[in-house]
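Enquirer: Got protein11.pdb for you, PDB, C-alpha atoms:
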ATOM      1  CA  MET A  16      83.151 133.564  23.401
ATOM      2  CA  LEU A  17      80.026 131.414  23.188
ATOM      3  CA  ASP A  18      76.752 133.340  22.843
ATOM      4  CA  VAL A  19      73.734 131.592  24.370
ATOM      5  CA  TYR A  20      70.097 132.472  23.795
ATOM      6  CA  ALA A  21      66.951 130.819  25.105
ATOM      7  CA  THR A  22      63.710 130.597  23.111
ATOM      8  CA  CYS A  23      60.557 132.586  23.759
ATOM      9  CA  PRO A  24      57.460 130.651  24.856
ATOM     10  CA  PRO A  25      54.895 130.026  22.078
ATOM     11  CA  SER A  26      51.816 132.226  21.837
ATOM     12  CA  SER A  27      49.737 130.081  19.473
ATOM     13  CA  ARG A  28      47.804 128.175  22.137
ATOM     14  CA  ALA A  29      48.067 130.562  25.091
ATOM     15  CA  ARG A  30      45.442 132.949  26.433
ATOM     16  CA  PRO A  31      46.587 136.602  26.355
ATOM     17  CA  GLU A  32      47.069 136.895  30.112
ATOM     18  CA  GLU A  33      48.993 133.588  30.199
ATOM     19  CA  PHE A  34      51.283 134.650  27.382
ATOM     20  CA  ARG A  35      52.015 138.023  28.980
ATOM     21  CA  ARG A  36      52.876 136.231  32.217
ATOM     22  CA  ASP A  37      55.091 133.717  30.409
ATOM     23  CA  LEU A  38      56.914 136.497  28.541
ATOM     24  CA  ALA A  39      57.641 138.455  31.702
ATOM     25  CA  ARG A  40      58.828 135.287  33.415
ATOM     26  CA  SER A  41      61.055 134.285  30.482
ATOM     27  CA  ALA A  42      62.621 137.747  30.405
ATOM     28  CA  ARG A  43      63.481 137.547  34.104
ATOM     29  CA  TRP A  44      64.828 134.000  33.806
ATOM     30  CA  THR A  45      67.022 134.947  30.843
ATOM     31  CA  ASP A  46      68.508 137.945  32.617
ATOM     32  CA  ASP A  47      69.079 136.009  35.835
ATOM     33  CA  ALA A  48      70.816 133.167  33.965
ATOM     34  CA  GLY A  49      73.143 135.623  32.230
ATOM     35  CA  LEU A  50      72.156 134.573  28.702
ATOM     36  CA  ARG A  51      72.483 136.937  25.761
ATOM     37  CA  GLY A  52      68.811 136.941  24.801
ATOM     38  CA  LEU A  53      65.668 135.212  23.564
ATOM     39  CA  LEU A  54      64.833 133.865  20.114
ATOM     40  CA  ILE A  55      61.373 135.004  18.948
ATOM     41  CA  PHE A  56      59.686 133.003  16.185
ATOM     42  CA  THR A  57      57.405 134.358  13.507
ATOM     43  CA  ASP A  58      54.638 132.556  11.610
ATOM     44  CA  HIS A  59      50.990 132.954  10.702
ATOM     45  CA  ASP A  60      49.760 131.667  14.063
ATOM     46  CA  VAL A  61      51.941 133.551  16.570
ATOM     47  CA  VAL A  62      51.986 137.088  17.952
ATOM     48  CA  ASP A  63      54.004 139.550  15.881
ATOM     49  CA  PRO A  64      57.652 139.157  16.971
ATOM     50  CA  TRP A  65      58.330 142.903  17.084
ATOM     51  CA  ALA A  66      55.496 143.404  19.559
ATOM     52  CA  VAL A  67      56.987 140.577  21.635
ATOM     53  CA  ALA A  68      60.468 142.133  21.412
ATOM     54  CA  GLN A  69      59.117 145.458  22.654
ATOM     55  CA  MET A  70      57.545 143.808  25.693
ATOM     56  CA  LEU A  71      60.659 141.758  26.435
ATOM     57  CA  ILE A  72      62.837 144.858  26.423
ATOM     58  CA  GLN A  73      60.450 146.622  28.783
ATOM     59  CA  ARG A  74      60.411 143.613  31.149
ATOM     60  CA  SER A  75      64.173 143.033  31.276
ATOM     61  CA  GLU A  76      67.400 144.800  32.069
ATOM     62  CA  ARG A  77      69.778 143.577  29.389
ATOM     63  CA  LEU A  78      68.480 140.690  27.245
ATOM     64  CA  VAL A  79      68.750 140.994  23.465
ATOM     65  CA  PRO A  80      65.668 139.929  21.480
ATOM     66  CA  LEU A  81      66.601 137.715  18.511
ATOM     67  CA  VAL A  82      63.737 138.511  16.153
ATOM     68  CA  ALA A  83      62.812 136.286  13.209
ATOM     69  CA  ALA A  84      62.432 138.478  10.121
ATOM     70  CA  GLN A  85      60.756 137.096   7.009
ATOM     71  CA  PRO A  86      60.603 138.963   3.670
ATOM     72  CA  PRO A  87      56.862 138.571   2.921
ATOM     73  CA  TYR A  88      55.944 139.957   6.346
ATOM     74  CA  MET A  89      58.020 143.152   6.387
ATOM     75  CA  HIS A  90      60.028 145.278   3.934
ATOM     76  CA  PRO A  91      63.778 145.430   4.689
ATOM     77  CA  TYR A  92      63.510 149.180   5.338
ATOM     78  CA  SER A  93      60.917 148.507   8.043
ATOM     79  CA  VAL A  94      63.173 145.885   9.636
ATOM     80  CA  ALA A  95      66.156 148.268   9.702
ATOM     81  CA  ARG A  96      63.973 151.057  11.100
ATOM     82  CA  MET A  97      62.637 148.764  13.850
ATOM     83  CA  VAL A  98      66.210 147.892  14.855
ATOM     84  CA  SER A  99      67.315 151.541  14.925
ATOM     85  CA  SER A 100      64.108 152.630  16.673
ATOM     86  CA  MET A 101      64.539 150.060  19.461
ATOM     87  CA  ALA A 102      68.077 151.327  19.985
ATOM     88  CA  PHE A 103      66.862 154.949  19.951
ATOM     89  CA  LEU A 104      63.984 154.360  22.392
ATOM     90  CA  HIS A 105      65.500 151.796  24.728
ATOM     91  CA  GLY A 106      69.246 151.862  24.218
ATOM     92  CA  ARG A 107      69.010 148.153  23.456
ATOM     93  CA  ARG A 108      70.292 145.974  20.624
ATOM     94  CA  VAL A 109      67.949 143.697  18.646
ATOM     95  CA  ASP A 110      69.504 140.741  16.788
ATOM     96  CA  LEU A 111      67.971 139.361  13.579
ATOM     97  CA  ASN A 112      67.281 135.805  12.424
ATOM     98  CA  LEU A 113      66.617 136.024   8.689
ATOM     99  CA  ILE A 114      64.253 133.246   7.604
ATOM    100  CA  THR A 115      62.458 132.175   4.446
ATOM    101  CA  GLY A 116      59.498 130.257   5.910
ATOM    102  CA  GLY A 117      59.473 126.460   5.828
ATOM    103  CA  SER A 118      55.956 125.664   4.623
ATOM    104  CA  PRO A 119      55.159 126.329   0.944
ATOM    105  CA  TYR A 120      51.441 126.020   1.752
ATOM    106  CA  ARG A 121      51.580 128.816   4.317
ATOM    107  CA  MET A 122      53.634 130.991   2.000
ATOM    108  CA  ARG A 123      51.046 130.596  -0.758
ATOM    109  CA  THR A 124      48.257 131.779   1.574
ATOM    110  CA  ILE A 125      49.889 135.224   1.566
ATOM    111  CA  GLY A 126      50.619 135.182  -2.155
ATOM    112  CA  ASP A 127      54.252 134.062  -1.949
ATOM    113  CA  ALA A 128      54.789 131.369  -4.580
ATOM    114  CA  LEU A 129      58.602 131.337  -4.733
ATOM    115  CA  GLU A 130      60.301 127.954  -4.629
ATOM    116  CA  HIS A 131      62.769 126.987  -1.901
ATOM    117  CA  ASP A 132      66.029 128.197  -3.478
ATOM    118  CA  ALA A 133      64.439 131.353  -4.877
ATOM    119  CA  ARG A 134      63.291 132.280  -1.372
ATOM    120  CA  TYR A 135      66.921 132.153  -0.229
ATOM    121  CA  GLU A 136      68.000 134.286  -3.200
ATOM    122  CA  ARG A 137      65.432 136.858  -2.084
ATOM    123  CA  LEU A 138      66.649 136.517   1.515
ATOM    124  CA  ILE A 139      70.178 137.438   0.418
ATOM    125  CA  GLU A 140      68.881 140.689  -1.092
ATOM    126  CA  TYR A 141      66.785 141.250   2.029
ATOM    127  CA  GLY A 142      69.822 140.946   4.288
ATOM    128  CA  GLU A 143      71.971 143.095   2.024
ATOM    129  CA  VAL A 144      69.469 145.960   2.051
ATOM    130  CA  ILE A 145      69.043 145.751   5.837
ATOM    131  CA  GLY A 146      72.808 145.656   6.380
ATOM    132  CA  ARG A 147      73.503 148.630   4.139
ATOM    133  CA  LEU A 148      70.756 150.725   5.715
ATOM    134  CA  LEU A 149      72.151 150.044   9.185
ATOM    135  CA  THR A 150      75.803 150.738   8.340
ATOM    136  CA  SER A 151      75.951 153.240   5.482
ATOM    137  CA  PRO A 152      76.593 156.909   6.374
ATOM    138  CA  GLU A 153      75.064 157.880   3.030
ATOM    139  CA  PRO A 154      71.602 157.284   1.504
ATOM    140  CA  VAL A 155      71.326 153.731   0.180
ATOM    141  CA  SER A 156      70.564 152.720  -3.381
ATOM    142  CA  TYR A 157      70.100 149.057  -4.266
ATOM    143  CA  GLU A 158      69.075 147.342  -7.500
ATOM    144  CA  GLY A 159      68.124 143.693  -7.123
ATOM    145  CA  GLU A 160      65.609 141.262  -8.556
ATOM    146  CA  HIS A 161      63.348 141.462  -5.505
ATOM    147  CA  TYR A 162      64.211 144.817  -3.884
ATOM    148  CA  ARG A 163      64.996 148.243  -5.335
ATOM    149  CA  VAL A 164      65.583 151.399  -3.311
ATOM    150  CA  ARG A 165      66.765 154.860  -4.384
ATOM    151  CA  ARG A 166      68.804 157.120  -2.103
ATOM    152  CA  LEU A 167      67.004 155.814   0.956
ATOM    153  CA  ASP A 168      67.825 157.366   4.342
ATOM    154  CA  LEU A 169      67.268 155.483   7.585
ATOM    155  CA  PHE A 170      65.682 157.401  10.449
ATOM    156  CA  PRO A 171      66.473 157.239  13.230
ATOM    157  CA  PRO A 172      70.007 156.430  12.103
ATOM    158  CA  ALA A 173      71.424 153.229  13.524
ATOM    159  CA  ASP A 174      73.613 153.431  16.619
ATOM    160  CA  PRO A 175      77.007 151.926  15.615
ATOM    161  CA  GLU A 176      77.360 150.571  19.169
ATOM    162  CA  LEU A 177      74.067 148.669  18.934
ATOM    163  CA  LEU A 178      74.184 147.024  15.516
ATOM    164  CA  PRO A 179      72.510 143.608  15.428
ATOM    165  CA  ARG A 180      74.090 140.228  15.096
ATOM    166  CA  MET A 181      72.485 138.614  12.064
ATOM    167  CA  PHE A 182      71.722 134.953  11.432
ATOM    168  CA  VAL A 183      70.238 132.780   8.717
ATOM    169  CA  ALA A 184      68.564 129.475   9.480
ATOM    170  CA  GLY A 185      68.780 126.275   7.457
ATOM    171  CA  SER A 186      70.833 123.345   6.217
ATOM    172  CA  SER A 187      70.446 123.492   2.433
ATOM    173  CA  ASP A 188      73.053 124.553  -0.128
ATOM    174  CA  ALA A 189      70.930 127.657  -0.767
ATOM    175  CA  CYS A 190      71.182 128.588   2.925
ATOM    176  CA  LEU A 191      74.942 127.951   2.845
ATOM    177  CA  GLU A 192      75.188 130.443  -0.026
ATOM    178  CA  ALA A 193      73.176 132.994   1.978
ATOM    179  CA  GLU A 194      75.564 132.535   4.913
ATOM    180  CA  ARG A 195      78.556 133.099   2.624
ATOM    181  CA  ARG A 196      77.130 136.106   0.791
ATOM    182  CA  LEU A 197      75.850 137.897   3.870
ATOM    183  CA  GLY A 198      78.721 137.000   6.183
ATOM    184  CA  VAL A 199      76.337 136.010   8.975
ATOM    185  CA  VAL A 200      76.044 133.088  11.403
ATOM    186  CA  ARG A 201      74.093 130.086  10.157
ATOM    187  CA  LEU A 202      71.782 128.404  12.653
ATOM    188  CA  ARG A 203      70.861 124.768  12.309
ATOM    189  CA  TYR A 204      69.584 121.787  14.238
ATOM    190  CA  PRO A 205      72.507 119.506  15.088
ATOM    191  CA  ARG A 206      72.715 115.914  14.022
ATOM    192  CA  ALA A 207      74.198 113.283  16.302
ATOM    193  CA  LEU A 208      77.978 113.514  16.609
ATOM    194  CA  GLN A 209      78.582 110.279  14.696
ATOM    195  CA  ASP A 210      76.988 111.877  11.626
ATOM    196  CA  TYR A 211      79.876 114.349  11.314
ATOM    197  CA  GLY A 212      83.082 113.102   9.780
ATOM    198  CA  PRO A 213      86.499 113.368  11.492
ATOM    199  CA  GLY A 214      87.733 116.950  11.379
ATOM    200  CA  SER A 215      84.418 118.142   9.922
ATOM    201  CA  ALA A 216      84.262 121.890   9.255
ATOM    202  CA  GLU A 217      80.517 121.807   8.570
ATOM    203  CA  LEU A 218      79.608 123.550  11.831
ATOM    204  CA  ARG A 219      82.515 125.993  11.986
ATOM    205  CA  GLY A 220      81.426 129.514  12.873
ATOM    206  CA  GLY A 221      77.788 128.463  13.128
ATOM    207  CA  GLY A 222      75.094 128.091  15.727
ATOM    208  CA  LEU A 223      72.967 125.222  17.039
ATOM    209  CA  ARG A 224      69.426 125.118  18.350
ATOM    210  CA  ILE A 225      68.989 122.362  20.906
ATOM    211  CA  GLY A 226      67.199 121.419  24.103
ATOM    212  CA  ILE A 227      69.113 120.455  27.247
ATOM    213  CA  ILE A 228      67.856 118.427  30.214
ATOM    214  CA  ALA A 229      70.851 117.963  32.504
ATOM    215  CA  ARG A 230      71.035 117.057  36.157
ATOM    216  CA  ASP A 231      73.689 115.925  38.634
ATOM    217  CA  ASP A 232      72.178 112.413  38.472
ATOM    218  CA  PRO A 233      71.619 111.095  34.903
ATOM    219  CA  GLU A 234      68.650 109.000  36.047
ATOM    220  CA  ASP A 235      67.003 112.173  37.342
ATOM    221  CA  ALA A 236      67.608 113.847  33.974
ATOM    222  CA  TRP A 237      66.070 110.986  31.995
ATOM    223  CA  ARG A 238      63.127 110.755  34.396
ATOM    224  CA  THR A 239      62.446 114.460  33.849
ATOM    225  CA  ALA A 240      62.771 114.019  30.082
ATOM    226  CA  HIS A 241      60.278 111.152  29.893
ATOM    227  CA  ASP A 242      57.834 112.935  32.210
ATOM    228  CA  ARG A 243      57.851 115.991  29.951
ATOM    229  CA  PHE A 244      57.787 114.098  26.683
ATOM    230  CA  PRO A 245      55.874 110.820  27.084
ATOM    231  CA  ASP A 246      55.086 108.515  24.180
ATOM    232  CA  ASP A 247      52.429 110.005  21.902
ATOM    233  CA  PRO A 248      51.339 108.032  18.782
ATOM    234  CA  ASP A 249      49.011 110.869  17.708
ATOM    235  CA  GLY A 250      51.917 113.314  17.895
ATOM    236  CA  GLU A 251      54.044 111.028  15.763
ATOM    237  CA  ARG A 252      51.315 110.926  13.106
ATOM    238  CA  GLN A 253      51.041 114.729  13.145
ATOM    239  CA  TYR A 254      54.799 114.978  12.735
ATOM    240  CA  ARG A 255      54.768 112.734   9.664
ATOM    241  CA  ILE A 256      51.952 114.790   8.122
ATOM    242  CA  ALA A 257      53.769 118.076   8.785
ATOM    243  CA  ASN A 258      56.880 116.741   7.049
ATOM    244  CA  ARG A 259      54.914 116.122   3.886
ATOM    245  CA  PHE A 260      54.024 119.824   3.656
ATOM    246  CA  SER A 261      57.543 121.152   4.226
ATOM    247  CA  ASP A 262      60.343 121.714   1.732
ATOM    248  CA  SER A 263      62.819 122.428   4.520
ATOM    249  CA  ALA A 264      66.123 120.589   4.137
ATOM    250  CA  TRP A 265      66.726 120.450   7.885
ATOM    251  CA  MET A 266      63.250 119.006   8.502
ATOM    252  CA  GLY A 267      63.863 116.257   5.961
ATOM    253  CA  ARG A 268      67.277 115.414   7.365
ATOM    254  CA  LEU A 269      66.146 115.366  10.981
ATOM    255  CA  SER A 270      63.123 113.281  10.052
ATOM    256  CA  GLU A 271      65.432 110.622   8.654
ATOM    257  CA  ASP A 272      67.540 110.763  11.813
ATOM    258  CA  ALA A 273      64.471 110.566  14.064
ATOM    259  CA  ALA A 274      63.354 107.372  12.304
ATOM    260  CA  THR A 275      66.750 105.702  12.754
ATOM    261  CA  PRO A 276      67.145 103.649  15.966
ATOM    262  CA  VAL A 277      70.049 104.684  18.196
ATOM    263  CA  ALA A 278      72.576 101.846  18.379
ATOM    264  CA  GLU A 279      73.908 102.663  21.852
ATOM    265  CA  PRO A 280      73.017 104.872  24.821
ATOM    266  CA  SER A 281      73.636 108.519  24.019
ATOM    267  CA  PRO A 282      72.673 111.943  25.393
ATOM    268  CA  TYR A 283      71.343 112.804  21.908
ATOM    269  CA  TRP A 284      67.543 112.333  21.996
ATOM    270  CA  MET A 285      65.083 112.826  19.125
ATOM    271  CA  HIS A 286      61.890 111.742  20.895
ATOM    272  CA  PRO A 287      60.444 115.272  21.501
ATOM    273  CA  LEU A 288      60.784 116.058  17.807
ATOM    274  CA  ARG A 289      59.440 112.690  16.675
ATOM    275  CA  THR A 290      56.299 113.165  18.816
ATOM    276  CA  TYR A 291      55.775 116.710  17.451
ATOM    277  CA  LYS A 292      56.267 118.364  20.843
ATOM    278  CA  GLU A 293      59.427 120.247  19.940
ATOM    279  CA  TYR A 294      61.317 121.190  16.790
ATOM    280  CA  CYS A 295      64.837 120.312  17.862
ATOM    281  CA  PRO A 296      66.884 117.431  19.279
ATOM    282  CA  TYR A 297      67.630 117.272  23.009
ATOM    283  CA  LEU A 298      70.714 116.365  25.004
ATOM    284  CA  VAL A 299      69.824 114.452  28.171
ATOM    285  CA  GLY A 300      72.017 113.152  30.975
ATOM    286  CA  SER A 301      74.352 114.223  33.742
ATOM    287  CA  TYR A 302      76.113 117.573  33.596
ATOM    288  CA  GLU A 303      79.330 115.778  32.684
ATOM    289  CA  GLU A 304      77.716 113.624  29.956
ATOM    290  CA  VAL A 305      75.867 116.501  28.341
ATOM    291  CA  GLY A 306      78.845 118.842  28.751
ATOM    292  CA  ALA A 307      81.224 116.353  27.122
ATOM    293  CA  TYR A 308      78.812 115.884  24.198
ATOM    294  CA  LEU A 309      78.411 119.654  23.783
ATOM    295  CA  ALA A 310      82.168 120.139  23.964
ATOM    296  CA  ARG A 311      82.616 118.111  20.810
ATOM    297  CA  TYR A 312      80.216 120.443  18.978
ATOM    298  CA  LEU A 313      82.127 123.444  20.332
ATOM    299  CA  ALA A 314      85.383 121.885  19.144
ATOM    300  CA  MET A 315      83.955 121.930  15.624
ATOM    301  CA  GLY A 316      83.740 125.728  15.826
ATOM    302  CA  ILE A 317      80.243 126.458  17.136
ATOM    303  CA  THR A 318      79.884 130.075  18.314
ATOM    304  CA  THR A 319      76.189 130.254  19.264
ATOM    305  CA  ILE A 320      73.756 128.016  21.135
ATOM    306  CA  ILE A 321      69.976 128.536  21.038
ATOM    307  CA  LEU A 322      68.396 126.681  23.937
ATOM    308  CA  ASN A 323      64.820 125.486  23.595
ATOM    309  CA  VAL A 324      61.919 127.008  25.565
ATOM    310  CA  PRO A 325      62.566 126.423  29.296
ATOM    311  CA  HIS A 326      59.770 124.730  31.235
ATOM    312  CA  GLU A 327      60.935 126.279  34.504
ATOM    313  CA  GLU A 328      63.619 128.683  35.677
ATOM    314  CA  ALA A 329      65.863 125.877  36.921
ATOM    315  CA  ASP A 330      66.139 124.519  33.348
ATOM    316  CA  LEU A 331      68.366 127.436  32.338
ATOM    317  CA  HIS A 332      70.592 127.034  35.363
ATOM    318  CA  HIS A 333      70.938 123.276  34.782
ATOM    319  CA  ALA A 334      71.818 123.977  31.134
ATOM    320  CA  ALA A 335      74.341 126.611  32.213
ATOM    321  CA  VAL A 336      76.168 124.052  34.376
ATOM    322  CA  ALA A 337      76.470 121.676  31.407
ATOM    323  CA  LEU A 338      77.586 124.521  29.115
ATOM    324  CA  ARG A 339      80.273 125.645  31.567
ATOM    325  CA  HIS A 340      81.522 122.069  31.696
ATOM    326  CA  ALA A 341      81.647 121.989  27.887
ATOM    327  CA  GLU A 342      83.551 125.271  27.679
ATOM    328  CA  LYS A 343      86.098 124.126  30.231
ATOM    329  CA  LEU A 344      86.727 120.928  28.294
ATOM    330  CA  THR A 345      87.067 122.852  25.054
ATOM    331  CA  ALA A 346      89.418 125.438  26.570
ATOM    332  CA  ALA A 347      91.572 122.669  27.991
ATOM    333  CA  ALA A 348      91.696 120.984  24.548
ATOM    334  CA  GLU A 349      90.536 117.718  26.107
ATOM    335  CA  VAL A 350      88.244 116.909  23.180
ATOM    336  CA  ARG A 351      88.698 116.706  19.448
ATOM    337  CA  PRO A 352      86.057 117.208  16.744
TER     338      PRO A 352
END
Could you take the file, read its structure, and then write that structure out as structure tokens?
Expert:
Amino acid sequence: MLDVYATCPPSSRARPEEFRRDLARSARWTDDAGLRGLLIFTDHDVVDPWAVAQMLIQRSERLVPLVAAQPPYMHPYSVARMVSSMAFLHGRRVDLNLITGGSPYRMRTIGDALEHDARYERLIEYGEVIGRLLTSPEPVSYEGEHYRVRRLDLFPPADPELLPRMFVAGSSDACLEAERRLGVVRLRYPRALQDYGPGSAELRGGGLRIGIIARDDPEDAWRTAHDRFPDDPDGERQYRIANRFSDSAWMGRLSEDAATPVAEPSPYWMHPLRTYKEYCPYLVGSYEEVGAYLARYLAMGITTIILNVPHEEADLHHAAVALRHAEKLTAAAEVRP
């Protein structure tokens, strides 16, 4: 089964009443489209993701918030207690996206001076403590370099029927080790298909974050794409500056891809990322073109898709048509990785 989430609208530049409206609308759209849930980011300049998750649950019938959890922001006990409390109060699951933070500058502003790989080593301990608190019938003790707990009870106790799916995000070897140690799904931003070798197992069992603009008529899809993401030299300059302040492996890799001209027409489109409007690649074209491209990712073993923030309700339904086409192709074994 393929799990599909959308992404929550950003709060950084929205007025409070606008953001509340956008959240309520996104919750309704997600439920109506039959998606699993909504990814909620965390950073210095956005609303606290747990407050957002609470509102989303109250404004929806079944969606699962996928909350970004970052060690410097919240102790692992607090994360586990938030998960169990949401289940206790609302009878609803909350999934977790364990992240390290991609900007060393922003991490230093809150006193976090760990280097890239050390942040992933801490994240492994973070995930281990959270996992044990949510699953152990006995008080938890843990002795690590970054976290130490002694006979710690979780209250309210976690509901075994509502345990979270857990993810890590990244493309580096350190992130790969976190995926292996924690036994979770690794999320990443996909490269173009030609960048994966024949029979590649790199994506197996993982998840992708991507935007989709699909229509019955490919010209209509590309017209919509260019209307939403016009050329923007200032945005391109901002994107290059942002890259210089990031030690993220995926940002570096995608930046190289974004600067490489595409040799032939393809649904894979980097323009929104290159102009600093979005943080992921897009697939653009007809339902069949986008579905066939997606099917080749699915054939590599992808289990989760995170769709980018929808601009309108119809975006999720258009994406769902392309995804159904991809799943049918994959089930019929009409594509090969």
Enquirer: Run the PyMOL selection byres ((chain A and resi 43) around 10) mentally over the shown coordinates, then write out the matched residues as a list of chain:residue names, using the chain letters and numbers from the document.
Expert: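 When the PyMOL selection byres ((chain A and resi 43) around 10) is applied to the shown file, the picked residues are A:Asp37, A:Leu38, A:Ala39, A:Arg40, A:Ser41, A:Ala42, A:Trp44, A:Thr45, A:Asp46, A:Asp47, A:Ala48, A:Leu71, A:Arg74, A:Ser75, A:Glu76, A:Arg77, A:Leu78, A:Glu328.
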Enquirer: State, in Å with one decimal place, the distance from CA of Thr57 in chain A to CA of Val82 in chain A.
Expert: 8.0 Å
Enquirer: Could you name the residues that touch Pro233 in chain A at 6 Å or less, counting all atoms listed in the file, but leaving out those on the same chain fewer than 2 positions away, as a JSON list (two decimals) with C-alpha atoms, in the frame of the given file?
Expert:
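part-v4.json, freshly written:
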[["chain", "number", "residue", "atom", "x", "y", "z"],
["A", 235, "ASP", "CA", 67.00, 112.17, 37.34],
["A", 236, "ALA", "CA", 67.61, 113.85, 33.97],
["A", 300, "GLY", "CA", 72.02, 113.15, 30.98],
["A", 301, "SER", "CA", 74.35, 114.22, 33.74]]
Enquirer: Apply the PyMOL selection byres ((chain A and resi 97-100) around 12) to the displayed file and report the matching residues as a ChimeraX atom specification.
Expert: /A:64-66,68-69,79-82,84,89-96,101-111,145-146,148-150,169-181
Enquirer: For CA of His241 in chain A and CA of His332 in chain A, determine how far apart the two atoms are, in Å to one decimal place.
Expert: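 The value is 19.7 Å.
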Enquirer: Tell me which residues the PyMOL selection byres ((chain A and resi 156) around 7) grabs here, as a list in words.
Expert: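 Answer for the PyMOL selection byres ((chain A and resi 156) around 7): Pro154, Val155, Tyr157, Glu158, Val164, Arg165, Arg166 and Leu167 of chain A.
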Enquirer: Taking C-alpha atoms for each residue, export the selection above as a PDB file, keeping the file's coordinate frame.
Expert:
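Printed below is selection06.pdb as written:
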ATOM      1  CA  PRO A 154      71.602 157.284   1.504  1.00  0.00           C
ATOM      2  CA  VAL A 155      71.326 153.731   0.180  1.00  0.00           C
ATOM      3  CA  TYR A 157      70.100 149.057  -4.266  1.00  0.00           C
ATOM      4  CA  GLU A 158      69.075 147.342  -7.500  1.00  0.00           C
ATOM      5  CA  VAL A 164      65.583 151.399  -3.311  1.00  0.00           C
ATOM      6  CA  ARG A 165      66.765 154.860  -4.384  1.00  0.00           C
ATOM      7  CA  ARG A 166      68.804 157.120  -2.103  1.00  0.00           C
ATOM      8  CA  LEU A 167      67.004 155.814   0.956  1.00  0.00           C
TER       9      LEU A 167
END
Enquirer: With only C-alpha atoms as the atoms that count, which of A:Arg134, A:His326, A:Arg201, A:Arg311 lies nearest to His340 in chain A?
Expert: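 Using only C-alpha atoms, His340 in chain A sits closest to A:Arg311.
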Enquirer: With all atoms listed in the file as the atoms that count, which of A:Ala189, A:Leu17, A:Ala184, A:Ile225 lies nearest to Arg339 in chain A?
Expert: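 Residue with the minimum atom-to-atom distance to Arg339 in chain A: A:Leu17.
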